[in-house]
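Worksheet: the structure to be examined is printed underneath.
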Amino acid sequence: MKTNRHDKILLAHGGGGQLSDELIRHHILPKLRNDTLAELGDSAKLNLASKLVCFTTDSYVVKPLFFNGGDIGKLAVCGTVNDLAVAGSAPIALTLSLIIEEGFEFELLEKILASISESAKANDVNIVTGDTKTVETGAVDKIFINTAGIGVRLAGVDLGFEKIAVGDKIIINGTIGDHGLTIISQREGIKFQSQLKSDCVGLAGLTCQLLKNTSGVKFMRDPTRGGLAATLNEICRGAGLSIEINEADVPVNPTVRAAADMLGFDAITIANEGKFVAIVSLESVDACLNICKNHPLGKEASIIGEIVETRDAPIVEMTTKIGGKRIVQMPYGRELPRIC
Amino acid sequence: MLERIYKAQNLMDTACNTLGRQINIMEVCGTHTVSIFRNGIKSTLPKKIKLLSGPGCPVCVTDQGYIDIILQLADRDDCLIATYGDMIRVPGKGGSLETKQPNANIKVVLSSEDALQLAKDNPSRKVVFVAVGFETTAPATAVVVKEAAQESIDNFCILSGHKLVIPAMRALVSEKNHNIDAFLCPGHVSVIIGFGAFAEIVERFGRSCVVAGFEPLQIIEGLGEICRQLAAGKAELKSVYTAVVTEQGNTTAQEIIAECFEPVDGYWRGLGKIEKSTLKLKDKYSRFDAFKRFNITEMPGEDMSGCRCGEVLCGLIEPPECGLFGKSCTPEEPVGPCMVSSEGACAAWFKYGGVMGSGYQEIRRPGSQ
Ligand code: SF4
């Protein structure tokens, strides 16, 4: 039985009155229920196992809201979970803020909430507190979501740029460019859009396994906006060391490659939502790769390159398939707006 | 694959030794330019071989006068401009299509079919399709013009800026840049016009023309073939893209172009006015000709101040020689079209960080130079 009398969001749904209450109790709470959230207090009270925590926040404005392989709800959970995961922590709890445009269909909101619930379960995190605002038509595009997340640092794990040294290897857990090209192809109505699928997924299961079972991981980052190119450049700047990668070792799904060529993009600069780059010591690289390859999220993991001595300034250099060399630059921001 | 690369490199080395001077090879097409940069091809060549980017990026060669016409049409509320994405960012008088406010009169399309559909969906607006591109895109424009005629979609028209490759190459070697030794010719244009079309450049101007696809190995083999000819003191017509390109090309596509269009003199950025280089709709389709419908004549426009795209397109300078490159002109805020288009030489130089000399020795056969 339908509990609401409206099929669209009204401004009053965010006004703090009866409709707000109805929205929270009848739509949000049933989907995301857990003991902490059910208290509906002004703050969530958490009992953490350690004082060493990681804390992050991200806002999600992806367009379209629903795409092959995910939706804004799944993205809002996985994106924040991944930021916690690559920092070397086990994600514990998330907050959830919804900013909804007046007139947004309840049916779509329900779908997004269901997806948030499913992703939170899959990643073993609870949504512990949240907020809902509604704004007049045009003030946001349908729905924007913010999540903040808190995670407990894994015992003995301390990742950082300063740990990175010459000779370290670079691992990625699978193919690049899938998320960004799925979004852009869907937005532009490209023919092969149905063959593309976002890689949107929470990575904490795999990263925690990696960190618990090996000791050589020095740094991790998820190559989201700006893709692998941006992440490698950040690492190169942060560590003050150069990077060499081998194009032939970077996994790219053939459809992604074709789509990127057609649209004039370089897959290495395209956003991912289910990938991490790990810098690992030479001694532990085989063990790390093995763990990845035996995990569903790392079947196509690959060693893509290594950290090398800097000659003039730290650069990321790629050996191409034909053996040529080129610099991988920090990509320019404008190519793909509203990708996450 | 390495064997084939080494073989091409040997041919290049021989040519460099035999000629004892810099060898200038122009890749005509923007897709080649991007592939050369993305694959680091320059780092695999002998230092004496210089690759020049040519006038093969449709957005880049479009004259400023044409851009200004689009900007004027976009101001008319009875018009709806249908354009490919790259075009909207090219700056002209008083901004670009992108910065025009409100931009409700502009719609980005992915194909000529989309543009025609736009006209069907908006019967009260005059839909103007910004039809640019070489022989590769002209057939698709011709198809929708015919369709519009058959279905009497009278609110549809095209602003043809379609250009022909051969007249531009002719203008380059006969007038603009005498230093070009040879051309690496574009695969996809050749699929349409046939590699036989380049015969004139070989026979009349003595420049070798080698057609290659866009895969890096083909480009290297194409360059190898050019060098083989140069070392032997010959200029020949050859395709290393044999699987797809024939001497005659795609006659069906040629016929449909010929049915709808005729070549007229046209303006090019950097190259100026070139005889019989631009496609204009034939009289029987003139009611779909935006120039006629709005009573406009294309006049040569003035390039944005300081921008040296014209010289870049003729292979006279490399992008970093432009004083604005990477300073006031970046892909974020482009000054000229060569920085706007993803196929533009300035954008390719900027994005891929220019040439890396360092990889040169690593893939070359031991003992070669
Ligand atoms: S760098 Fe910019 S201003 Fe200079 S030639 Fe290229 S596009 Fe024109």
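In the structure tokens, chains take the letters A, B, ... in the order shown, each chain's residues start at 1, and ligands count up from 1 in the order shown.
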
What residues have any atom no more than 10 Å from ligand 1 when counting only C-alpha atoms and all ligand atoms, and can you list them as an MDAnalysis selection string? chainID B and resid 60 90 303:313 317:331 333:341 344:347 349:350

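All residues within segment 186-253 of chain B that the backbone DSSP calculation assigns to strand (DSSP E or B) are Pro186, Ser208, Cys209, Val210, Val211, Ala212, Leu237, Lys238 and Ser239 of chain B.
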
Would you export the selected residues with C-alpha atoms as a PDB file, in the first residue's frame, please?
```
ATOM      1  CA  PRO B 186      44.620  10.418 -44.233  1.00  0.00           C
ATOM      2  CA  SER B 208      55.343  11.628 -52.433  1.00  0.00           C
ATOM      3  CA  CYS B 209      51.945  10.788 -50.989  1.00  0.00           C
ATOM      4  CA  VAL B 210      51.491   7.754 -48.781  1.00  0.00           C
ATOM      5  CA  VAL B 211      48.094   6.838 -47.396  1.00  0.00           C
ATOM      6  CA  ALA B 212      48.055   5.320 -43.912  1.00  0.00           C
ATOM      7  CA  LEU B 237      51.730   7.339 -54.712  1.00  0.00           C
ATOM      8  CA  LYS B 238      51.277   4.469 -52.322  1.00  0.00           C
ATOM      9  CA  SER B 239      48.857   3.174 -49.727  1.00  0.00           C
TER      10      SER B 239
END
```

What lies within 9 Å of segment 12-28 of chain B using only C-alpha atoms, ignoring chain neighbours under 5 positions off, as a PyMOL selection string? chain B and resi 7+33+45-57+165+169+179-186+223-232+315+368-369

Near chain B, meaning an atom within 9 Å, which residues of chain A appear when counting only C-alpha atoms? Write them as a VMD selection string. chain A and resid 188 to 190 264 to 266 318 to 335

Considering only C-alpha atoms, state which residue in the set A:Ile170, A:Ile9, A:Val308, A:Ala93 is at the smallest distance from Ala120 of chain A. A:Ala93

Find the residues around Val61 of chain A up to 9 Å (only C-alpha atoms counted), leave out those fewer than 6 positions away in its own chain, and share them as a list in words. Ile72, Asp141, Ile143, Phe144, Ile145, Asn146, Arg338, Ile339 and Cys340 of chain A

Show me, as a tab-separated table (two decimals) with N, CA and C atoms, in the first residue's frame, the residues that have an atom within 9 Å of segment 152-162 of chain A when counting only C-alpha atoms, minus same-chain residues fewer than 5 positions from it.
```
chain	number	residue	atom	x	y	z
A	48	LEU	N	33.51	3.72	18.51
A	48	LEU	CA	34.54	3.23	17.59
A	48	LEU	C	35.60	2.42	18.33
A	49	ALA	N	36.15	1.45	17.62
A	49	ALA	CA	37.11	0.53	18.22
A	49	ALA	C	38.49	1.16	18.38
A	50	SER	N	38.73	2.27	17.69
A	50	SER	CA	40.07	2.85	17.73
A	50	SER	C	39.97	4.37	17.67
A	51	LYS	N	41.02	5.01	18.17
A	51	LYS	CA	41.05	6.48	18.08
A	51	LYS	C	41.55	6.94	16.72
A	52	LEU	N	42.21	6.03	15.98
A	52	LEU	CA	42.75	6.39	14.68
A	52	LEU	C	41.65	6.23	13.62
A	53	VAL	N	41.06	7.34	13.24
A	53	VAL	CA	39.97	7.24	12.27
A	53	VAL	C	40.30	8.01	11.00
A	54	CYS	N	39.58	7.67	9.93
A	54	CYS	CA	39.63	8.45	8.69
A	54	CYS	C	38.24	9.04	8.52
A	55	PHE	N	38.18	10.24	8.01
A	55	PHE	CA	36.94	10.97	7.94
A	55	PHE	C	36.92	11.70	6.59
A	84	LEU	N	37.48	6.25	1.97
A	84	LEU	CA	37.93	5.71	3.26
A	84	LEU	C	38.84	4.50	3.05
A	86	VAL	N	40.82	3.61	0.47
A	86	VAL	CA	42.18	3.83	-0.04
A	86	VAL	C	43.05	4.58	0.98
A	87	ALA	N	42.40	5.15	2.00
A	87	ALA	CA	43.19	5.78	3.05
A	87	ALA	C	43.66	4.75	4.07
A	88	GLY	N	43.29	3.50	3.86
A	88	GLY	CA	43.76	2.43	4.74
A	88	GLY	C	42.84	2.17	5.92
A	89	SER	N	41.56	2.48	5.74
A	89	SER	CA	40.64	2.25	6.86
A	89	SER	C	39.51	1.31	6.46
A	90	ALA	N	38.84	0.78	7.48
A	90	ALA	CA	37.63	0.00	7.26
A	90	ALA	C	36.45	0.93	7.49
A	91	PRO	N	35.63	1.17	6.46
A	91	PRO	CA	34.51	2.10	6.60
A	91	PRO	C	33.51	1.59	7.64
A	92	ILE	N	33.01	2.50	8.50
A	92	ILE	CA	32.08	2.13	9.57
A	92	ILE	C	30.69	2.75	9.34
A	208	CYS	N	40.99	-3.83	2.26
A	208	CYS	CA	41.25	-4.31	3.62
A	208	CYS	C	41.98	-5.65	3.58
A	211	LEU	N	45.58	-4.97	2.76
A	211	LEU	CA	46.35	-4.34	3.83
A	211	LEU	C	46.56	-5.30	5.01
A	212	LYS	N	45.59	-6.18	5.22
A	212	LYS	CA	45.72	-7.10	6.35
A	212	LYS	C	46.70	-8.22	6.05
A	215	SER	N	52.38	-6.48	3.74
A	215	SER	CA	52.88	-5.32	4.49
A	215	SER	C	53.51	-4.28	3.57
A	217	VAL	N	52.18	-2.39	1.09
A	217	VAL	CA	51.42	-1.32	0.44
A	217	VAL	C	51.81	0.01	1.06
A	218	LYS	N	52.21	0.97	0.22
A	218	LYS	CA	52.71	2.25	0.73
A	218	LYS	C	51.73	3.39	0.54
A	219	PHE	N	50.93	3.28	-0.50
A	219	PHE	CA	50.01	4.36	-0.80
A	219	PHE	C	48.91	3.81	-1.69
A	220	MET	N	47.68	4.36	-1.51
A	220	MET	CA	46.61	3.98	-2.43
A	220	MET	C	45.78	5.22	-2.75
A	235	ILE	N	50.43	11.42	-7.46
A	235	ILE	CA	51.40	10.59	-6.74
A	235	ILE	C	52.82	11.08	-7.04
A	236	CYS	N	53.04	11.38	-8.32
A	236	CYS	CA	54.35	11.83	-8.76
A	236	CYS	C	54.72	13.15	-8.07
A	238	GLY	N	53.30	14.33	-5.23
A	238	GLY	CA	53.31	14.12	-3.78
A	238	GLY	C	54.59	13.45	-3.32
A	239	ALA	N	55.08	12.49	-4.11
A	239	ALA	CA	56.27	11.74	-3.71
A	239	ALA	C	57.54	12.42	-4.20
A	240	GLY	N	57.38	13.35	-5.15
A	240	GLY	CA	58.56	14.00	-5.72
A	240	GLY	C	59.40	13.05	-6.55
```

Which residues in segment 32-256 of chain A does DSSP call helix (DSSP H, G or I)? List them as a compact mmCIF listing (two decimals) with N, CA and C atoms, in the first residue's frame.
```
# COMPACT_ATOMS: atom_id res chain seq x y z
N LEU A 32 16.66 2.35 5.16
CA LEU A 32 18.04 2.44 5.65
C LEU A 32 18.16 2.05 7.11
N ASP A 35 19.95 0.68 14.16
CA ASP A 35 19.63 1.19 15.49
C ASP A 35 20.02 2.66 15.68
N THR A 36 21.20 3.01 15.19
CA THR A 36 21.66 4.39 15.38
C THR A 36 20.75 5.37 14.64
N LEU A 37 20.44 5.04 13.38
CA LEU A 37 19.61 5.94 12.58
C LEU A 37 18.21 6.04 13.17
N ALA A 38 17.69 4.92 13.66
CA ALA A 38 16.32 4.86 14.14
C ALA A 38 16.06 5.82 15.30
N ILE A 72 22.96 7.39 -8.87
CA ILE A 72 23.55 8.38 -7.96
C ILE A 72 23.61 7.86 -6.52
N GLY A 73 22.65 6.99 -6.14
CA GLY A 73 22.64 6.47 -4.78
C GLY A 73 23.82 5.52 -4.53
N LYS A 74 24.00 4.59 -5.45
CA LYS A 74 25.11 3.65 -5.33
C LYS A 74 26.44 4.41 -5.34
N LEU A 75 26.52 5.40 -6.23
CA LEU A 75 27.73 6.19 -6.34
C LEU A 75 28.04 6.93 -5.04
N ALA A 76 26.97 7.47 -4.42
CA ALA A 76 27.17 8.26 -3.20
C ALA A 76 27.68 7.39 -2.05
N VAL A 77 27.30 6.12 -2.05
CA VAL A 77 27.81 5.21 -1.02
C VAL A 77 29.22 4.75 -1.39
N CYS A 78 29.36 4.23 -2.61
CA CYS A 78 30.65 3.64 -3.01
C CYS A 78 31.76 4.69 -3.06
N GLY A 79 31.44 5.87 -3.57
CA GLY A 79 32.47 6.91 -3.69
C GLY A 79 33.08 7.24 -2.35
N THR A 80 32.24 7.41 -1.35
CA THR A 80 32.74 7.78 -0.02
C THR A 80 33.41 6.58 0.66
N VAL A 81 32.83 5.40 0.48
CA VAL A 81 33.46 4.18 1.00
C VAL A 81 34.87 4.05 0.42
N ASN A 82 35.02 4.32 -0.87
CA ASN A 82 36.32 4.15 -1.51
C ASN A 82 37.35 5.16 -1.00
N ASP A 83 36.88 6.38 -0.72
CA ASP A 83 37.81 7.36 -0.16
C ASP A 83 38.35 6.90 1.20
N LEU A 84 37.48 6.25 1.97
CA LEU A 84 37.93 5.71 3.26
C LEU A 84 38.84 4.50 3.05
N ALA A 85 38.45 3.65 2.09
CA ALA A 85 39.19 2.41 1.86
C ALA A 85 40.63 2.69 1.43
N VAL A 86 40.82 3.61 0.47
CA VAL A 86 42.18 3.83 -0.04
C VAL A 86 43.05 4.58 0.98
N PHE A 106 8.62 10.72 -6.64
CA PHE A 106 8.83 9.83 -5.50
C PHE A 106 9.36 8.47 -5.93
N GLU A 107 8.85 8.04 -7.07
CA GLU A 107 9.23 6.72 -7.55
C GLU A 107 10.76 6.64 -7.75
N LEU A 108 11.32 7.72 -8.31
CA LEU A 108 12.76 7.73 -8.54
C LEU A 108 13.51 7.83 -7.22
N LEU A 109 12.96 8.62 -6.31
CA LEU A 109 13.59 8.74 -4.99
C LEU A 109 13.64 7.37 -4.31
N GLU A 110 12.53 6.65 -4.43
CA GLU A 110 12.48 5.30 -3.85
C GLU A 110 13.56 4.41 -4.44
N LYS A 111 13.73 4.50 -5.74
CA LYS A 111 14.74 3.67 -6.41
C LYS A 111 16.14 4.03 -5.90
N ILE A 112 16.37 5.32 -5.75
CA ILE A 112 17.68 5.77 -5.29
C ILE A 112 17.92 5.30 -3.85
N LEU A 113 16.88 5.42 -3.03
CA LEU A 113 17.02 4.99 -1.62
C LEU A 113 17.27 3.49 -1.53
N ALA A 114 16.59 2.73 -2.39
CA ALA A 114 16.78 1.28 -2.39
C ALA A 114 18.22 0.96 -2.75
N SER A 115 18.73 1.71 -3.71
CA SER A 115 20.09 1.46 -4.15
C SER A 115 21.12 1.86 -3.07
N ILE A 116 20.81 2.94 -2.35
CA ILE A 116 21.69 3.35 -1.24
C ILE A 116 21.71 2.25 -0.19
N SER A 117 20.52 1.73 0.11
CA SER A 117 20.40 0.69 1.11
C SER A 117 21.20 -0.55 0.71
N GLU A 118 21.03 -0.96 -0.53
CA GLU A 118 21.71 -2.14 -1.04
C GLU A 118 23.23 -1.96 -1.00
N SER A 119 23.68 -0.79 -1.44
CA SER A 119 25.13 -0.54 -1.48
C SER A 119 25.71 -0.47 -0.08
N ALA A 120 24.95 0.12 0.86
CA ALA A 120 25.45 0.21 2.23
C ALA A 120 25.62 -1.20 2.80
N LYS A 121 24.64 -2.05 2.53
CA LYS A 121 24.75 -3.44 3.01
C LYS A 121 25.95 -4.12 2.38
N ALA A 122 26.07 -3.98 1.07
CA ALA A 122 27.16 -4.65 0.36
C ALA A 122 28.52 -4.21 0.90
N PHE A 161 52.45 9.49 0.95
CA PHE A 161 53.39 9.78 -0.14
C PHE A 161 54.84 9.54 0.30
N GLU A 162 55.12 9.90 1.58
CA GLU A 162 56.52 9.87 2.03
C GLU A 162 57.08 8.45 2.09
N LYS A 163 56.18 7.45 2.04
CA LYS A 163 56.65 6.07 2.08
C LYS A 163 57.15 5.58 0.71
N ASP A 178 35.86 2.99 -17.57
CA ASP A 178 34.50 2.46 -17.73
C ASP A 178 33.42 3.42 -17.22
N HIS A 179 33.62 3.99 -16.04
CA HIS A 179 32.56 4.83 -15.49
C HIS A 179 32.33 6.08 -16.34
N GLY A 180 33.39 6.83 -16.54
CA GLY A 180 33.26 8.10 -17.27
C GLY A 180 32.67 7.93 -18.65
N LEU A 181 33.12 6.90 -19.37
CA LEU A 181 32.62 6.74 -20.72
C LEU A 181 31.18 6.26 -20.75
N THR A 182 30.79 5.51 -19.73
CA THR A 182 29.39 5.09 -19.64
C THR A 182 28.51 6.32 -19.49
N ILE A 183 28.91 7.20 -18.58
CA ILE A 183 28.12 8.40 -18.32
C ILE A 183 28.04 9.28 -19.56
N ILE A 184 29.19 9.54 -20.15
CA ILE A 184 29.21 10.48 -21.26
C ILE A 184 28.48 9.89 -22.47
N SER A 185 28.62 8.58 -22.70
CA SER A 185 27.94 7.97 -23.85
C SER A 185 26.44 8.00 -23.66
N GLN A 186 26.02 7.76 -22.42
CA GLN A 186 24.59 7.77 -22.15
C GLN A 186 24.04 9.19 -22.31
N ARG A 187 24.82 10.14 -21.84
CA ARG A 187 24.38 11.54 -21.92
C ARG A 187 24.30 12.00 -23.36
N GLU A 188 25.22 11.54 -24.18
CA GLU A 188 25.25 12.00 -25.57
C GLU A 188 24.44 11.09 -26.48
N LYS A 191 25.55 5.31 -29.77
CA LYS A 191 24.96 4.01 -30.10
C LYS A 191 25.39 2.86 -29.19
N PHE A 192 26.71 2.75 -28.96
CA PHE A 192 27.17 1.58 -28.21
C PHE A 192 27.04 1.74 -26.71
N GLN A 193 26.23 2.72 -26.28
CA GLN A 193 26.13 2.97 -24.84
C GLN A 193 25.71 1.72 -24.06
N SER A 194 24.90 0.86 -24.69
CA SER A 194 24.41 -0.30 -23.95
C SER A 194 25.53 -1.30 -23.65
N GLN A 195 26.60 -1.23 -24.42
CA GLN A 195 27.70 -2.17 -24.16
C GLN A 195 28.66 -1.66 -23.10
N ALA A 204 36.28 -1.49 -0.35
CA ALA A 204 36.86 -1.73 0.96
C ALA A 204 37.17 -3.21 1.21
N GLY A 205 36.34 -4.10 0.68
CA GLY A 205 36.58 -5.53 0.87
C GLY A 205 37.96 -5.93 0.38
N LEU A 206 38.28 -5.48 -0.81
CA LEU A 206 39.57 -5.84 -1.39
C LEU A 206 40.74 -5.08 -0.73
N THR A 207 40.56 -3.76 -0.50
CA THR A 207 41.69 -3.01 0.07
C THR A 207 42.02 -3.52 1.48
N CYS A 208 40.99 -3.83 2.26
CA CYS A 208 41.25 -4.31 3.62
C CYS A 208 41.98 -5.65 3.58
N GLN A 209 41.57 -6.50 2.66
CA GLN A 209 42.23 -7.79 2.52
C GLN A 209 43.71 -7.60 2.17
N LEU A 210 43.95 -6.69 1.26
CA LEU A 210 45.31 -6.39 0.82
C LEU A 210 46.15 -5.89 1.99
N LEU A 211 45.58 -4.97 2.76
CA LEU A 211 46.35 -4.34 3.83
C LEU A 211 46.56 -5.30 5.01
N LYS A 212 45.59 -6.18 5.22
CA LYS A 212 45.72 -7.10 6.35
C LYS A 212 46.70 -8.22 6.05
N ASN A 213 46.78 -8.61 4.78
CA ASN A 213 47.57 -9.80 4.45
C ASN A 213 48.95 -9.53 3.87
N GLY A 227 40.82 10.56 -13.97
CA GLY A 227 41.27 9.22 -14.31
C GLY A 227 42.65 8.86 -13.78
N LEU A 228 43.19 7.81 -14.37
CA LEU A 228 44.51 7.31 -13.97
C LEU A 228 45.57 8.39 -14.16
N ALA A 229 45.41 9.20 -15.20
CA ALA A 229 46.41 10.24 -15.49
C ALA A 229 46.53 11.20 -14.30
N ALA A 230 45.39 11.63 -13.77
CA ALA A 230 45.41 12.58 -12.66
C ALA A 230 46.03 11.94 -11.42
N THR A 231 45.60 10.71 -11.11
CA THR A 231 46.10 10.04 -9.92
C THR A 231 47.61 9.83 -9.99
N LEU A 232 48.11 9.39 -11.13
CA LEU A 232 49.56 9.17 -11.24
C LEU A 232 50.31 10.49 -11.10
N ASN A 233 49.75 11.56 -11.67
CA ASN A 233 50.41 12.86 -11.53
C ASN A 233 50.41 13.34 -10.09
N GLU A 234 49.31 13.08 -9.38
CA GLU A 234 49.26 13.46 -7.96
C GLU A 234 50.31 12.70 -7.16
N ILE A 235 50.43 11.42 -7.46
CA ILE A 235 51.40 10.59 -6.74
C ILE A 235 52.82 11.08 -7.04
N CYS A 236 53.04 11.38 -8.32
CA CYS A 236 54.35 11.83 -8.76
C CYS A 236 54.72 13.15 -8.07
N ARG A 237 53.78 14.06 -7.98
CA ARG A 237 54.03 15.33 -7.29
C ARG A 237 54.21 15.13 -5.79
N GLY A 238 53.30 14.33 -5.23
CA GLY A 238 53.31 14.12 -3.78
C GLY A 238 54.59 13.45 -3.32
N ALA A 239 55.08 12.49 -4.11
CA ALA A 239 56.27 11.74 -3.71
C ALA A 239 57.54 12.42 -4.20
N GLU A 247 51.98 1.24 -21.46
CA GLU A 247 50.62 1.27 -21.99
C GLU A 247 50.03 -0.14 -22.15
N ALA A 248 50.85 -1.06 -22.63
CA ALA A 248 50.35 -2.41 -22.91
C ALA A 248 49.86 -3.10 -21.63
N ASP A 249 50.33 -2.66 -20.47
CA ASP A 249 49.94 -3.30 -19.21
C ASP A 249 48.71 -2.65 -18.56
N PRO A 254 37.87 -3.16 -24.53
CA PRO A 254 37.89 -2.74 -25.95
C PRO A 254 36.77 -1.78 -26.32
N THR A 255 35.57 -1.97 -25.75
CA THR A 255 34.48 -1.05 -26.09
C THR A 255 34.78 0.34 -25.56
N VAL A 256 35.39 0.40 -24.39
CA VAL A 256 35.78 1.69 -23.82
C VAL A 256 36.79 2.36 -24.74
```

Under the rule that only C-alpha atoms are counted, which of A:Ile28, A:Ala165, A:Ile172, A:Val250 is the nearest residue to Ile307 of chain A? A:Ala165

Record the distance separating atom CA of Val59 of chain B and atom CA of Lys93 of chain B, expressed in Å with one decimal.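 So the answer is 16.4 Å.
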
Selected residue of minimal separation from Ile268 of chain A among A:Asn123, A:Asn253, A:Thr137, A:Thr129, counting only C-alpha atoms: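 Of A:Asn123, A:Asn253, A:Thr137, A:Thr129, the one nearest Ile268 of chain A is A:Asn253, counting only C-alpha atoms.
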
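Using only C-alpha atoms for every distance, the candidate list B:Ala104, B:Ala348, B:Leu281, B:Ile201 yields B:Leu281 as the residue closest to Thr141 of chain B.
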
Could you state the separation of atom CA of Gly70 of chain A and atom CA of His295 of chain A in Å, given to one decimal place? 20.5 Å

Near Thr252 of chain B, within 10 Å and counting only C-alpha atoms, which residues show up once chain neighbours fewer than 4 positions away are dropped, as an NGL selection string? :B and (139 or 192 or 256-258)

Residues of the last selection are to be written out with all heavy atoms, as a tab-separated table (two decimals), in the first residue's frame.
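Okay, out-v5.tsv is ready:
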```tsv
chain	number	residue	atom	x	y	z
B	139	PRO	N	29.28	13.35	-47.43
B	139	PRO	CA	28.20	12.46	-47.88
B	139	PRO	C	27.03	12.44	-46.90
B	139	PRO	O	25.87	12.43	-47.32
B	139	PRO	CB	28.87	11.08	-47.96
B	139	PRO	CG	30.32	11.36	-48.13
B	139	PRO	CD	30.58	12.63	-47.38
B	192	ILE	N	37.04	7.44	-49.07
B	192	ILE	CA	36.01	8.08	-49.89
B	192	ILE	C	36.56	8.49	-51.26
B	192	ILE	O	36.01	8.08	-52.29
B	192	ILE	CB	35.46	9.36	-49.19
B	192	ILE	CG1	35.03	9.07	-47.75
B	192	ILE	CG2	34.35	9.99	-50.02
B	192	ILE	CD1	33.72	8.36	-47.60
B	256	ILE	N	27.02	10.83	-54.46
B	256	ILE	CA	26.04	11.63	-53.70
B	256	ILE	C	26.58	13.03	-53.40
B	256	ILE	O	25.85	14.02	-53.43
B	256	ILE	CB	25.54	10.89	-52.43
B	256	ILE	CG1	24.38	11.68	-51.84
B	256	ILE	CG2	26.61	10.68	-51.40
B	256	ILE	CD1	23.57	10.92	-50.84
B	257	ILE	N	27.90	13.12	-53.20
B	257	ILE	CA	28.49	14.46	-53.03
B	257	ILE	C	28.28	15.25	-54.32
B	257	ILE	O	27.81	16.39	-54.30
B	257	ILE	CB	30.01	14.38	-52.72
B	257	ILE	CG1	30.26	13.70	-51.36
B	257	ILE	CG2	30.63	15.79	-52.72
B	257	ILE	CD1	31.73	13.56	-50.98
B	258	ALA	N	28.58	14.60	-55.46
B	258	ALA	CA	28.49	15.30	-56.75
B	258	ALA	C	27.05	15.66	-57.08
B	258	ALA	O	26.79	16.65	-57.75
B	258	ALA	CB	29.08	14.42	-57.84
```
